[in-house]
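Presented below is the structure to which this report refers.
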Amino acid sequence: MPTTKPERPTEASAGRAASPGARGDPAAVRVTASRPPGGRASAPGMLPPGVTDYSPAFSLPMRYLLLGLVGFAVFAGDLLIQSLRGFQGGLFGAAGIALTHLLTLGSLLSFVMGAVYQLESVAFLIPIASEQAAKWNFWLYAVSTAGLAASMAAWWNPGLLLFGAAATISIGGYAGIVSASLKKAPNRDAMFRFVRSAHVYLPLAVTVGWLLIVAPRVPGLRNWIEALLVTHIVLAAGGFFTFLIIGFSFKLLPMFTLSHGFSVRLRDWTFGFAHAAIWLIILGAWTHVAPVTVLGGIAGLATFALHLFHLREILAKRLRKKIEPTLRAVIVAGAAGLIGSAGFILAPGIRSPKVWAGVAALYLLGWLTLTVMGYAYKIVPFLIWTRRYSQRAGKEKVPLIGDLISPEQPRPVLWAFAVGLVVLTAGIAWMQSWVAAAGGTVVSLALGVFCFHLLTVVDLGKIGREMRGND
């Protein structure tokens, strides 16, 4: 009796087409003038790709995205000042710690919060558990983050305790809202597992961060500050941000390249290696057993190798022939994550804290920031176009998304950022302050232009009225 060869699992066979308009894509279905449970009513007709009946009010994600852009601008200015001063305060002094948290809390996390509130309705076809709570939580987050960064810069202990506790509550609130929303997700695929895991790691990371603040005053924690620091960094950068980026890349890259039918057979392996990397590195930090840390680095290396393999599979099935500079940046960022993970494999031979600072800079700026920049150049214009022009599309002449910002416009910015990052990382790792200063200056200027580009798309003269509008 003849046998048939089993099909290789693909994105389409997993129950979801990858590109808007492709068969089975929920973003391309025709809707009626009805109100789904927890959603908002929509007019009859075709929804714009990436928008569903469950999409939140425009002002919810946009307020977080705008705060993130302000954070990037402030971070760029602070980085420029410290670069011109040759990082005189040191990377581990108050100024360096404040600068790092301007990037992670004030810029990356804020921007990611806004993106998640928008994307989870698209990726999982679910409403936000409580939009009103998410809007109120924004103000607590904005105030606590600003206060915490200022307290770190001045190393003001009462402020560190107060604003640190407030930030912990606010970030925990965000993770709780997203996790409650995810309970309604109909599909529990690899993307769901990555995103859910990210929002388990986030409150753990900020809790450990707050423990770092109180540790010098608690006898039982005083001797474990270094292990707590490693745990905080790994849970935040490796646990939350990395899991979230990999998870949503399964949706975003196919959507922006019009790709479908690609293989998904190794996603579960990526998920397993990523978790193993987190906990092996943390275990190595607490036990001081170098081989455990090395195994964590190997697991991290496998995670990024599989991530890059997935990106290649997606791009191989794309309908758009040209890969835009913003999406090339996402691939380069994945390679930066791969190189950063290798640092843990070499951990037994790395004794200098400044070498580890270089590895951290490569991971935070090369993997996390460059990925966010690449996707931001796609997400922000899309949200603005949807708000301002989608209802008039097909009825009158309206600008295209490419008219808001040219696909080629980000190319020099992303190249400058990448080159500056290489110079900055090398200068930090080899303890050459003037080299680090030169690289930091280029990175800060590139980030400044990035903020200018997106604020031009947003158009501050219009966005205020739109945010106050009844959406």
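We name chains A, B, ... following the order of the structure tokens; residues begin at 1 in each chain, and ligands are numbered from 1 as shown.
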Surrounding residues of region 435-444 of chain A excluding itself and chain neighbours under 6 positions, 8 Å, only C-alpha atoms, as an NGL selection string: :A and (75-77 or 79-80 or 82-87 or 416-428)
Which neighbours of region 322-332 of chain A fall inside 6 Å, counting only C-alpha atoms, when residues of the same chain fewer than 6 positions from it are skipped, and could you give them as a ChimeraX atom specification? /A:371,374,411
Can I get the selection written as an mmCIF file, in the first residue's frame, with N, CA and C atoms?
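Listing of selection-v5.cif after writing:
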```
data_model
loop_
_atom_site.group_PDB
_atom_site.id
_atom_site.type_symbol
_atom_site.label_atom_id
_atom_site.label_comp_id
_atom_site.auth_asym_id
_atom_site.auth_seq_id
_atom_site.Cartn_x
_atom_site.Cartn_y
_atom_site.Cartn_z
ATOM 1 N N THR A 371 16.499 46.161 17.029
ATOM 2 C CA THR A 371 15.263 45.490 16.627
ATOM 3 C C THR A 371 14.067 46.419 16.788
ATOM 4 N N GLY A 374 14.046 49.051 14.085
ATOM 5 C CA GLY A 374 13.612 48.521 12.794
ATOM 6 C C GLY A 374 12.110 48.371 12.714
ATOM 7 N N ARG A 411 17.678 54.071 6.112
ATOM 8 C CA ARG A 411 18.917 53.340 5.836
ATOM 9 C C ARG A 411 20.162 53.989 6.458
#
```
Non-local contacts of Leu338 (chain A) (9 Å; only C-alpha atoms; under 2 positions in same chain excluded) as an MDAnalysis selection string: chainID A and resid 300:305 308 333:336 340:342 363 367
Export of the given selection (N, CA, C and O atoms) as an mmCIF file, in the first residue's frame:
```
data_model
loop_
_atom_site.group_PDB
_atom_site.id
_atom_site.type_symbol
_atom_site.label_atom_id
_atom_site.label_comp_id
_atom_site.auth_asym_id
_atom_site.auth_seq_id
_atom_site.Cartn_x
_atom_site.Cartn_y
_atom_site.Cartn_z
ATOM 1 N N GLY A 300 21.835 29.861 24.843
ATOM 2 C CA GLY A 300 21.524 31.160 24.250
ATOM 3 C C GLY A 300 21.966 31.243 22.799
ATOM 4 O O GLY A 300 21.260 31.790 21.947
ATOM 5 N N LEU A 301 23.144 30.690 22.531
ATOM 6 C CA LEU A 301 23.649 30.664 21.152
ATOM 7 C C LEU A 301 22.704 29.865 20.253
ATOM 8 O O LEU A 301 22.397 30.282 19.121
ATOM 9 N N ALA A 302 22.215 28.726 20.760
ATOM 10 C CA ALA A 302 21.266 27.918 19.989
ATOM 11 C C ALA A 302 19.960 28.666 19.761
ATOM 12 O O ALA A 302 19.354 28.587 18.682
ATOM 13 N N THR A 303 19.522 29.431 20.757
ATOM 14 C CA THR A 303 18.291 30.213 20.626
ATOM 15 C C THR A 303 18.394 31.201 19.477
ATOM 16 O O THR A 303 17.498 31.289 18.625
ATOM 17 N N PHE A 304 19.481 31.946 19.435
ATOM 18 C CA PHE A 304 19.627 32.963 18.387
ATOM 19 C C PHE A 304 19.910 32.338 17.023
ATOM 20 O O PHE A 304 19.482 32.871 15.991
ATOM 21 N N ALA A 305 20.618 31.214 17.008
ATOM 22 C CA ALA A 305 20.840 30.526 15.729
ATOM 23 C C ALA A 305 19.505 30.070 15.142
ATOM 24 O O ALA A 305 19.250 30.228 13.932
ATOM 25 N N LEU A 308 17.513 33.161 13.896
ATOM 26 C CA LEU A 308 17.976 33.596 12.569
ATOM 27 C C LEU A 308 17.533 32.616 11.486
ATOM 28 O O LEU A 308 17.220 33.022 10.353
ATOM 29 N N ALA A 333 20.309 42.725 13.958
ATOM 30 C CA ALA A 333 20.117 42.716 15.410
ATOM 31 C C ALA A 333 20.153 41.294 15.952
ATOM 32 O O ALA A 333 20.712 41.040 17.034
ATOM 33 N N GLY A 334 19.546 40.359 15.229
ATOM 34 C CA GLY A 334 19.599 38.960 15.650
ATOM 35 C C GLY A 334 21.020 38.443 15.698
ATOM 36 O O GLY A 334 21.392 37.676 16.610
ATOM 37 N N ALA A 335 21.838 38.860 14.738
ATOM 38 C CA ALA A 335 23.251 38.460 14.749
ATOM 39 C C ALA A 335 23.980 39.059 15.948
ATOM 40 O O ALA A 335 24.853 38.413 16.547
ATOM 41 N N ALA A 336 23.618 40.294 16.337
ATOM 42 C CA ALA A 336 24.219 40.912 17.523
ATOM 43 C C ALA A 336 23.865 40.121 18.777
ATOM 44 O O ALA A 336 24.697 39.939 19.672
ATOM 45 N N GLY A 340 26.405 38.362 21.354
ATOM 46 C CA GLY A 340 26.316 38.649 22.778
ATOM 47 C C GLY A 340 26.199 37.389 23.612
ATOM 48 O O GLY A 340 26.799 37.281 24.692
ATOM 49 N N SER A 341 25.441 36.405 23.118
ATOM 50 C CA SER A 341 25.298 35.141 23.842
ATOM 51 C C SER A 341 26.630 34.403 23.958
ATOM 52 O O SER A 341 26.868 33.683 24.939
ATOM 53 N N ALA A 342 27.482 34.585 22.952
ATOM 54 C CA ALA A 342 28.784 33.911 22.990
ATOM 55 C C ALA A 342 29.624 34.366 24.168
ATOM 56 O O ALA A 342 30.522 33.642 24.626
ATOM 57 N N TYR A 363 24.385 43.720 23.566
ATOM 58 C CA TYR A 363 23.088 43.054 23.674
ATOM 59 C C TYR A 363 21.953 44.081 23.755
ATOM 60 O O TYR A 363 20.949 43.982 23.035
ATOM 61 N N TRP A 367 21.037 44.118 19.931
ATOM 62 C CA TRP A 367 19.915 43.203 19.766
ATOM 63 C C TRP A 367 18.581 43.887 20.050
ATOM 64 O O TRP A 367 17.699 43.947 19.195
#
```
Nearest residue to Phe382 (chain A) out of A:Asp459, A:Ile401, A:Glu396, A:Trp155, using only C-alpha atoms? A:Ile401
Contacts of Ala376 (chain A) at 10 Å or less, counting only C-alpha atoms, minus same-chain residues fewer than 2 places along, as a PyMOL selection string? chain A and resi 65+69+111-112+115+326+370-374+378-382+450+454
Could you save those same residues with N, CA and C atoms as a CSV table (one decimal), in the first residue's frame?
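Below is the file selection_21.csv, written as the result:
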```
chain,number,residue,atom,x,y,z
A,65,LEU,N,3.9,54.8,23.0
A,65,LEU,CA,4.8,54.9,22.0
A,65,LEU,C,5.5,56.3,22.0
A,69,LEU,N,9.4,57.4,22.5
A,69,LEU,CA,10.2,58.3,21.7
A,69,LEU,C,10.8,59.4,22.5
A,111,PHE,N,8.1,51.9,24.8
A,111,PHE,CA,7.7,51.7,23.4
A,111,PHE,C,7.1,50.3,23.2
A,112,VAL,N,7.7,49.3,23.9
A,112,VAL,CA,7.2,47.9,23.7
A,112,VAL,C,5.8,47.8,24.3
A,115,ALA,N,3.4,49.0,21.8
A,115,ALA,CA,3.3,48.0,20.7
A,115,ALA,C,2.5,46.8,21.0
A,326,THR,N,14.8,48.6,7.1
A,326,THR,CA,14.3,48.4,8.5
A,326,THR,C,14.3,46.9,8.9
A,370,LEU,N,18.2,48.0,18.3
A,370,LEU,CA,18.2,47.9,16.9
A,370,LEU,C,16.9,47.2,16.3
A,371,THR,N,16.5,46.2,17.0
A,371,THR,CA,15.3,45.5,16.6
A,371,THR,C,14.1,46.4,16.8
A,372,VAL,N,14.0,47.1,17.9
A,372,VAL,CA,12.9,48.0,18.2
A,372,VAL,C,12.9,49.1,17.2
A,373,MET,N,14.0,49.7,16.8
A,373,MET,CA,14.1,50.7,15.8
A,373,MET,C,13.6,50.3,14.5
A,374,GLY,N,14.0,49.1,14.1
A,374,GLY,CA,13.6,48.5,12.8
A,374,GLY,C,12.1,48.4,12.7
A,378,LYS,N,8.2,50.7,11.0
A,378,LYS,CA,7.0,50.1,10.4
A,378,LYS,C,5.7,50.4,11.1
A,379,ILE,N,5.8,50.2,12.5
A,379,ILE,CA,4.6,50.2,13.3
A,379,ILE,C,4.0,51.6,13.4
A,380,VAL,N,4.9,52.6,13.7
A,380,VAL,CA,4.3,54.0,13.9
A,380,VAL,C,3.7,54.6,12.7
A,381,PRO,N,4.3,54.5,11.5
A,381,PRO,CA,3.6,55.0,10.3
A,381,PRO,C,2.3,54.3,10.0
A,382,PHE,N,2.3,52.9,10.3
A,382,PHE,CA,1.1,52.2,10.1
A,382,PHE,C,-0.1,52.7,11.0
A,450,PHE,N,16.5,59.2,14.4
A,450,PHE,CA,15.5,58.3,14.5
A,450,PHE,C,14.2,58.9,15.1
A,454,LEU,N,10.4,59.8,13.3
A,454,LEU,CA,9.1,59.3,13.8
A,454,LEU,C,8.2,60.4,14.3
```
